[in-house]
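Trainee: Provided herewith: query16.txt, compact mmCIF, C-alpha atoms.
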# COMPACT_ATOMS: atom_id res chain seq x y z
CA MET A 1 0.00 0.00 0.00
CA VAL A 2 1.28 3.46 -0.95
CA TYR A 3 -0.01 6.64 0.63
CA ILE A 4 0.93 10.21 1.55
CA ARG A 5 2.15 11.04 5.04
CA ALA A 6 2.23 14.63 6.32
CA LYS A 7 4.71 15.99 8.82
CA LYS A 8 4.25 19.40 10.42
CA VAL A 9 7.37 21.52 10.96
CA LYS A 10 6.60 24.79 12.75
CA SER A 11 3.61 26.15 10.80
CA ASP A 12 4.17 24.28 7.53
CA GLN A 13 3.12 20.81 6.40
CA TYR A 14 5.58 18.63 4.47
CA LEU A 15 4.54 15.57 2.49
CA TYR A 16 6.17 12.17 2.01
CA LEU A 17 5.09 9.35 -0.27
CA VAL A 18 5.43 6.18 1.78
CA LYS A 19 4.59 2.51 1.39
CA SER A 20 3.92 -0.31 3.80
CA VAL A 21 6.51 -3.09 3.67
CA TRP A 22 6.07 -6.40 5.46
CA ASP A 23 8.82 -7.23 7.93
CA SER A 24 8.83 -11.03 8.09
CA LYS A 25 11.23 -11.12 11.05
CA LYS A 26 8.96 -8.99 13.24
CA SER A 27 5.74 -10.20 11.62
CA THR A 28 4.51 -6.67 11.14
CA SER A 29 4.47 -3.95 8.52
CA LYS A 30 6.72 -0.91 8.52
CA GLN A 31 6.73 2.39 6.66
CA GLU A 32 9.31 3.00 3.97
CA ILE A 33 9.70 6.41 2.31
CA VAL A 34 9.31 6.25 -1.47
CA LYS A 35 9.96 9.96 -2.05
CA TYR A 36 10.07 13.23 -0.15
CA LEU A 37 7.56 15.47 -1.95
CA GLY A 38 8.16 18.85 -0.30
CA LYS A 39 6.00 21.57 1.24
CA ALA A 40 2.33 20.60 1.04
CA SER A 41 1.19 23.86 -0.53
CA GLU A 42 3.71 23.42 -3.37
CA VAL A 43 3.31 19.73 -4.23
CA VAL A 44 1.55 18.92 -7.50
CA LYS A 45 0.61 15.78 -9.39
CA ASP A 46 3.85 15.77 -11.40
CA ASP A 47 5.82 15.44 -8.15
CA ILE A 48 4.33 11.97 -7.63
CA PRO A 49 6.37 9.14 -9.24
CA VAL A 50 4.78 7.90 -12.47
CA ASP A 51 3.84 4.50 -11.00
CA TYR A 52 1.56 6.15 -8.43
CA ARG A 53 0.55 9.36 -10.19
CA ASN A 54 -2.99 8.26 -11.04
CA ASN A 55 -3.77 6.67 -7.70
CA SER A 56 -7.14 8.20 -6.77
CA LYS A 57 -6.51 8.06 -3.01
CA ILE A 58 -3.16 9.80 -3.35
CA LEU A 59 -4.63 12.50 -5.60
CA ALA A 60 -7.48 13.04 -3.16
CA VAL A 61 -5.08 13.57 -0.28
CA LEU A 62 -2.96 15.89 -2.41
CA ALA A 63 -5.99 17.98 -3.32
CA SER A 64 -6.93 18.35 0.35
CA PHE A 65 -3.88 20.52 1.01
CA ASN A 66 -4.92 23.99 -0.09
CA PRO A 67 -6.31 23.07 -3.54
CA LYS A 68 -6.40 26.68 -4.76
CA ASP A 69 -2.66 27.06 -4.25
CA ILE A 70 -2.03 23.67 -5.88
CA LYS A 71 -4.05 24.65 -8.96
CA LYS A 72 -2.22 27.97 -9.11
CA ARG A 73 1.12 26.21 -8.90
CA GLU A 74 0.20 23.61 -11.53
CA ASP A 75 -0.86 26.29 -13.99
CA ALA A 76 2.23 28.42 -13.35
CA THR A 77 4.54 25.39 -13.51
CA ASN A 78 3.17 24.03 -16.78
CA LYS A 79 3.23 27.47 -18.39
CA SER A 80 6.77 28.22 -17.20
CA LYS A 81 8.10 24.84 -18.39
CA GLN A 82 6.67 25.37 -21.87
CA GLN A 83 8.02 28.91 -22.06
CA LEU A 84 11.47 28.01 -20.75
CA TYR A 85 11.83 25.11 -23.19
CA LYS A 86 11.05 27.47 -26.06
CA LYS A 87 13.46 30.19 -24.91
CA LEU A 88 16.33 27.82 -24.15
CA THR A 89 16.09 26.10 -27.53
CA GLU A 90 15.93 29.52 -29.18
CA GLY A 91 19.02 30.68 -27.27
CA ASN A 92 17.13 33.57 -25.67
CA ILE A 93 18.80 34.25 -22.31
CA HIS A 94 16.95 37.52 -21.69
CA ASP A 95 13.50 35.91 -21.78
CA ALA A 96 14.78 32.87 -19.84
CA VAL A 97 15.80 35.20 -16.99
CA THR A 98 12.37 36.88 -17.12
CA ILE A 99 10.65 33.48 -16.81
CA TYR A 100 12.77 32.69 -13.75
CA GLU A 101 12.08 36.05 -12.10
CA GLU A 102 8.32 35.81 -12.64
CA TYR A 103 8.19 32.26 -11.31
CA ALA A 104 10.39 33.07 -8.31
CA LYS A 105 8.00 35.87 -7.31
CA LEU A 106 5.24 33.28 -6.90
CA PHE A 107 7.38 30.54 -5.40
CA ASN A 108 11.17 30.44 -4.85
CA THR A 109 14.52 29.67 -6.46
CA THR A 110 14.57 26.09 -5.21
CA SER A 111 11.19 25.39 -6.80
CA PHE A 112 12.41 26.88 -10.07
CA PHE A 113 15.38 24.52 -10.15
CA ASP A 114 13.37 21.45 -9.11
CA LYS A 115 10.06 22.02 -10.89
CA ILE A 116 11.06 24.01 -13.98
CA LEU A 117 14.71 23.91 -15.00
CA LYS A 118 15.43 20.25 -14.19
CA PRO A 119 12.45 18.73 -16.07
CA VAL A 120 12.98 21.10 -19.00
CA MET A 121 16.63 20.07 -19.33
CA TYR A 122 15.62 16.40 -19.06
CA LYS A 123 13.15 16.94 -21.90
CA ILE A 124 15.77 18.69 -24.02
CA GLY A 125 18.13 15.77 -23.44
CA ASP A 126 15.43 13.25 -24.36
CA ASP A 127 14.42 15.21 -27.45
CA TRP A 128 18.03 15.26 -28.63
CA ALA A 129 18.43 11.51 -27.96
CA ASN A 130 15.23 10.85 -29.97
CA ASN A 131 16.34 13.14 -32.85
CA LYS A 132 13.57 15.66 -32.19
CA ILE A 133 16.12 18.47 -31.89
CA SER A 134 19.63 18.78 -33.30
CA ILE A 135 22.87 18.50 -31.34
CA ALA A 136 23.43 22.19 -32.08
CA THR A 137 20.11 23.09 -30.44
CA GLU A 138 20.97 20.91 -27.43
CA HIS A 139 24.31 22.70 -27.02
CA VAL A 140 22.71 26.13 -27.36
CA SER A 141 20.09 25.18 -24.77
CA SER A 142 22.70 23.90 -22.31
CA ASN A 143 24.84 27.02 -22.69
CA VAL A 144 21.87 29.32 -22.11
CA ALA A 145 20.81 27.25 -19.08
CA GLN A 146 24.31 27.48 -17.60
CA THR A 147 24.32 31.26 -18.10
CA LEU A 148 20.90 31.42 -16.42
CA VAL A 149 22.21 29.51 -13.39
CA LYS A 150 25.18 31.90 -13.13
CA ILE A 151 22.85 34.91 -13.22
CA ILE A 152 20.70 33.38 -10.48
CA MET A 153 23.85 32.68 -8.45
CA ASP A 154 24.81 36.35 -8.63
CA GLN A 155 21.39 37.35 -7.26
CA VAL A 156 21.45 35.14 -4.18
CA SER A 157 23.82 34.82 -1.25
CA GLY A 158 24.34 32.71 1.82
CA THR A 159 26.61 32.72 4.84
CA GLY A 160 29.37 30.16 4.52
CA ASN A 161 29.21 28.74 8.01
CA LYS A 162 28.40 25.13 7.23
CA LYS A 163 30.22 22.16 5.74
CA LYS A 164 32.61 22.31 2.80
CA ILE A 165 31.36 20.39 -0.23
CA LEU A 166 33.33 19.33 -3.31
CA ILE A 167 31.36 18.79 -6.53
CA CYS A 168 33.03 16.93 -9.40
CA VAL A 169 32.35 14.76 -12.45
CA PRO A 170 34.03 11.63 -13.86
CA LEU A 171 36.21 11.64 -16.96
CA GLY A 172 34.11 11.89 -20.11
CA GLU A 173 31.28 13.83 -18.44
CA GLU A 174 30.92 17.09 -20.34
CA HIS A 175 27.55 18.12 -18.88
CA HIS A 176 27.98 20.35 -15.86
CA LEU A 177 24.64 22.13 -15.51
CA GLY A 178 23.79 19.84 -12.58
CA CYS A 179 27.02 20.88 -10.86
CA ASP A 180 26.17 24.55 -11.30
CA VAL A 181 22.66 24.10 -9.91
CA LEU A 182 24.05 22.24 -6.89
CA GLU A 183 26.65 24.96 -6.34
CA THR A 184 24.02 27.70 -6.49
CA TYR A 185 21.56 26.01 -4.15
CA LEU A 186 24.11 24.83 -1.57
CA SER A 187 25.71 28.27 -1.56
CA ILE A 188 22.28 29.79 -0.85
CA LYS A 189 22.04 27.42 2.10
CA GLY A 190 25.40 28.59 3.43
CA PHE A 191 27.67 25.71 2.40
CA LYS A 192 31.18 26.37 1.15
CA VAL A 193 31.18 24.82 -2.31
CA TYR A 194 34.12 23.83 -4.50
CA ASN A 195 32.75 23.19 -7.98
CA ILE A 196 35.08 21.26 -10.29
CA ARG A 197 32.51 21.34 -13.05
CA THR A 198 34.61 19.84 -15.86
CA PRO A 199 36.38 16.45 -16.01
CA ILE A 200 39.98 16.52 -14.74
CA PRO A 201 42.42 13.70 -13.94
CA THR A 202 41.49 11.77 -10.82
CA GLU A 203 44.89 12.47 -9.25
CA SER A 204 44.11 16.19 -9.44
CA ILE A 205 40.82 15.63 -7.61
CA LEU A 206 42.61 13.61 -4.91
CA SER A 207 45.20 16.36 -4.52
CA PHE A 208 42.44 18.97 -4.21
CA ILE A 209 40.80 16.90 -1.47
CA ASP A 210 44.08 16.70 0.43
CA ASN A 211 44.70 20.44 0.17
CA ASN A 212 41.16 21.73 0.86
CA LYS A 213 39.73 19.00 3.13
CA PRO A 214 36.06 19.05 2.09
CA ASP A 215 33.53 17.40 4.42
CA ALA A 216 31.84 15.52 1.58
CA VAL A 217 32.13 14.89 -2.17
CA LEU A 218 29.23 15.06 -4.62
CA VAL A 219 29.76 13.26 -7.94
CA SER A 220 27.37 14.32 -10.72
CA ILE A 221 26.79 11.97 -13.68
CA THR A 222 24.46 12.99 -16.49
CA LEU A 223 25.09 10.39 -19.21
CA GLU A 224 24.54 6.68 -18.63
CA ASP A 225 27.71 5.95 -20.62
CA ASN A 226 29.73 7.63 -17.85
CA LEU A 227 28.48 5.45 -14.99
CA ALA A 228 31.48 3.12 -15.22
CA ALA A 229 33.88 6.08 -15.13
CA GLY A 230 31.93 7.36 -12.14
CA GLN A 231 32.39 4.02 -10.40
CA ARG A 232 36.16 4.22 -10.91
CA LEU A 233 36.31 7.81 -9.66
CA VAL A 234 34.33 7.02 -6.52
CA ARG A 235 36.44 3.92 -5.81
CA LYS A 236 39.70 5.85 -6.12
CA ILE A 237 38.45 8.65 -3.86
CA LYS A 238 37.29 6.09 -1.29
CA ASP A 239 40.61 4.24 -1.42
CA HIS A 240 42.50 7.50 -1.00
CA LYS A 241 40.51 9.04 1.83
CA ASP A 242 37.65 8.01 4.10
CA ILE A 243 35.20 10.75 3.17
CA PRO A 244 31.42 10.66 2.54
CA ILE A 245 30.65 10.44 -1.18
CA LEU A 246 27.21 11.11 -2.66
CA ILE A 247 26.48 10.26 -6.30
CA GLY A 248 23.53 11.44 -8.40
CA GLY A 249 22.38 12.89 -11.69
CA PHE A 250 20.22 12.13 -14.70
CA ALA A 251 22.19 8.95 -15.45
CA PHE A 252 20.53 7.30 -12.46
CA ASN A 253 17.18 7.30 -14.25
CA SER A 254 18.58 4.28 -16.07
CA LYS A 255 16.91 0.92 -15.40
CA LYS A 256 20.21 -0.76 -14.55
CA ILE A 257 22.22 1.08 -11.90
CA PRO A 258 25.63 -0.39 -11.03
CA LYS A 259 26.85 -0.55 -7.45
CA PHE A 260 28.90 2.36 -6.10
CA GLU A 261 31.14 2.55 -3.07
CA GLY A 262 29.38 5.75 -2.08
CA ASN A 263 25.73 6.65 -1.47
CA ILE A 264 23.49 7.13 -4.48
CA ILE A 265 21.17 10.11 -3.95
CA PRO A 266 17.61 9.39 -5.05
CA ASP A 267 15.71 11.99 -7.05
CA CYS A 268 14.64 13.63 -3.80
CA GLY A 269 14.64 17.31 -4.69
CA LEU A 270 17.09 20.01 -3.71
CA GLU A 271 15.40 20.82 -0.40
CA GLU A 272 16.25 17.36 0.93
CA LEU A 273 19.97 17.58 0.09
CA PRO A 274 21.06 19.85 2.99
CA LYS A 275 19.34 17.43 5.38
CA ILE A 276 21.32 14.54 3.89
CA LEU A 277 24.56 16.49 4.15
CA ARG A 278 23.92 17.39 7.77
CA LYS A 279 23.64 13.71 8.69
CA ILE A 280 26.96 12.62 7.20
Using the file provided, produce a representation of the structure as structure tokens.
Mentor:
Amino acid sequence: MVYIRAKKVKSDQYLYLVKSVWDSKKSTSKQEIVKYLGKASEVVKDDIPVDYRNNSKILAVLASFNPKDIKKREDATNKSKQQLYKKLTEGNIHDAVTIYEEYAKLFNTTSFFDKILKPVMYKIGDDWANNKISIATEHVSSNVAQTLVKIIMDQVSGTGNKKKILICVPLGEEHHLGCDVLETYLSIKGFKVYNIRTPIPTESILSFIDNNKPDAVLVSITLEDNLAAGQRLVRKIKDHKDIPILIGGFAFNSKKIPKFEGNIIPDCGLEELPKILRKI
């Protein structure tokens, strides 16, 4: 059985999609979190994993949390995704910034990254893979998206009084938009972020770790073809230094995920990441 569980923190409600799993040893059922959904007033149908998205009981519970705000968010989200896709593929940075600013007025920067930019970039990647857009259009879109993230980064600030985080990619990984989004969001939350956004020799990453002593390493992998290189990178870091390693990215939407010597981050949303980092 899968259902939504609400947890109240101060004056806000936060939603989790959970399922009941039978524990044969204790002869009882236990709750297992399928996905953290976020603040109740901001969760929409698209936040529910596809396998459970049309579950009538789940949708009914979702609609019970301030349905007017949910409808407002759904309309704004769908409109913004369509507009951003168009402007990125056209190479129009000015209008892309306007879309971000208008959306952020209604919601926030985190929601823009999670609900708008991420799914739009996934769609652009899928459309390129399925020959719906050219490689040139995909490159233009990625470059405009990276510029957009930099502009957003310049508009926000945080106090660097938390853990130091190193972000890097394996050899062969040329996509670094995910790294830039992580850098922006974690910086907003006050983390000190070292963003090695392009592939460099593993020995250089190990040397950087020795010299700067980050508290954790995030490895971003976008293309499925780079999972094996990611495995090697994580293994070498782990052999070199006992440091928490988190691995994530679009590549982990693949049906077959190899084992890593670090912790694979589920598609949990940016708001959950600081909580994960605080626990390590």
Trainee: Could you list as a list in words every residue that has an atom within 10 Å of (4.6, 24.2, -8.9), using the file's coordinates and counting only C-alpha atoms?
Mentor: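 I get Ser41, Glu42, Val43, Val44, Lys45, Asp46, Asp47, Asp69, Ile70, Lys71, Lys72, Arg73, Glu74, Asp75, Ala76, Thr77, Asn78, Ser80, Tyr103, Leu106, Phe107, Asn108, Ser111, Phe112, Asp114, Lys115 and Ile116 of chain A for the residues within 10 Å of that point.
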Trainee: Show which residues sit within 10 Å of Lys7 (chain A), as a PyMOL selection string. Count all atoms listed in the file, and ignore same-chain residues fewer than 5 positions away.
Mentor: chain A and resi 12-16+39-40
Trainee: Please, what distance in Å, to one decimal, runs between CA of Glu272 (chain A) and CA of Glu138 (chain A)?
Mentor: 29.0 Å
Trainee: What does the distance from CA of Thr98 (chain A) to CA of Gln83 (chain A) come to in Å, to one decimal?
Mentor: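 Distance reported for this atom pair: 10.3 Å.
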Trainee: Skipping near chain neighbours, those fewer than 6 positions away, what residues fall within 7 Å of Ala216 (chain A) using only C-alpha atoms, listed as a list in words?
Mentor: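 In the requested form, the answer reads Lys164, Ile165, Leu166, Ile243, Pro244 and Ile245 of chain A.
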Trainee: Mind checking which residues fall within 12 Å of Lys236 (chain A), counting only C-alpha atoms, ignoring those fewer than 4 positions away in the same chain, and posting them as a PyMOL selection string?
Mentor: chain A and resi 170+201-207+229-232+240-243+245+260-262
Trainee: Restricting the calculation to all atoms listed in the file: of A:Lys132, A:His139, A:His94, A:Lys87, which residue gets closest to Leu117 (chain A)?
Mentor: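 The closest residue to Leu117 (chain A) is A:Lys87.
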Trainee: Using only C-alpha atoms for the distances, tell me which of A:Val18, A:Glu90, A:Ile196, A:Pro258 is nearest to Phe208 (chain A).
Mentor: A:Ile196
Trainee: List as a PDB file with C-alpha atoms, in the frame of the given file the protein and nucleic acid residues near Leu223 (chain A), meaning an atom at most 9 Å away when all atoms listed in the file are counted, but skip any in the same chain fewer than 4 places from it.
Mentor:
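Result written to selection23.pdb:
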ATOM      1  CA  GLU A 173      31.280  13.830 -18.440  1.00  0.00           C
ATOM      2  CA  GLU A 174      30.920  17.090 -20.340  1.00  0.00           C
ATOM      3  CA  HIS A 175      27.550  18.120 -18.880  1.00  0.00           C
ATOM      4  CA  LEU A 227      28.480   5.450 -14.990  1.00  0.00           C
ATOM      5  CA  GLY A 249      22.380  12.890 -11.690  1.00  0.00           C
ATOM      6  CA  PHE A 250      20.220  12.130 -14.700  1.00  0.00           C
ATOM      7  CA  ALA A 251      22.190   8.950 -15.450  1.00  0.00           C
ATOM      8  CA  PHE A 252      20.530   7.300 -12.460  1.00  0.00           C
TER       9      PHE A 252
END
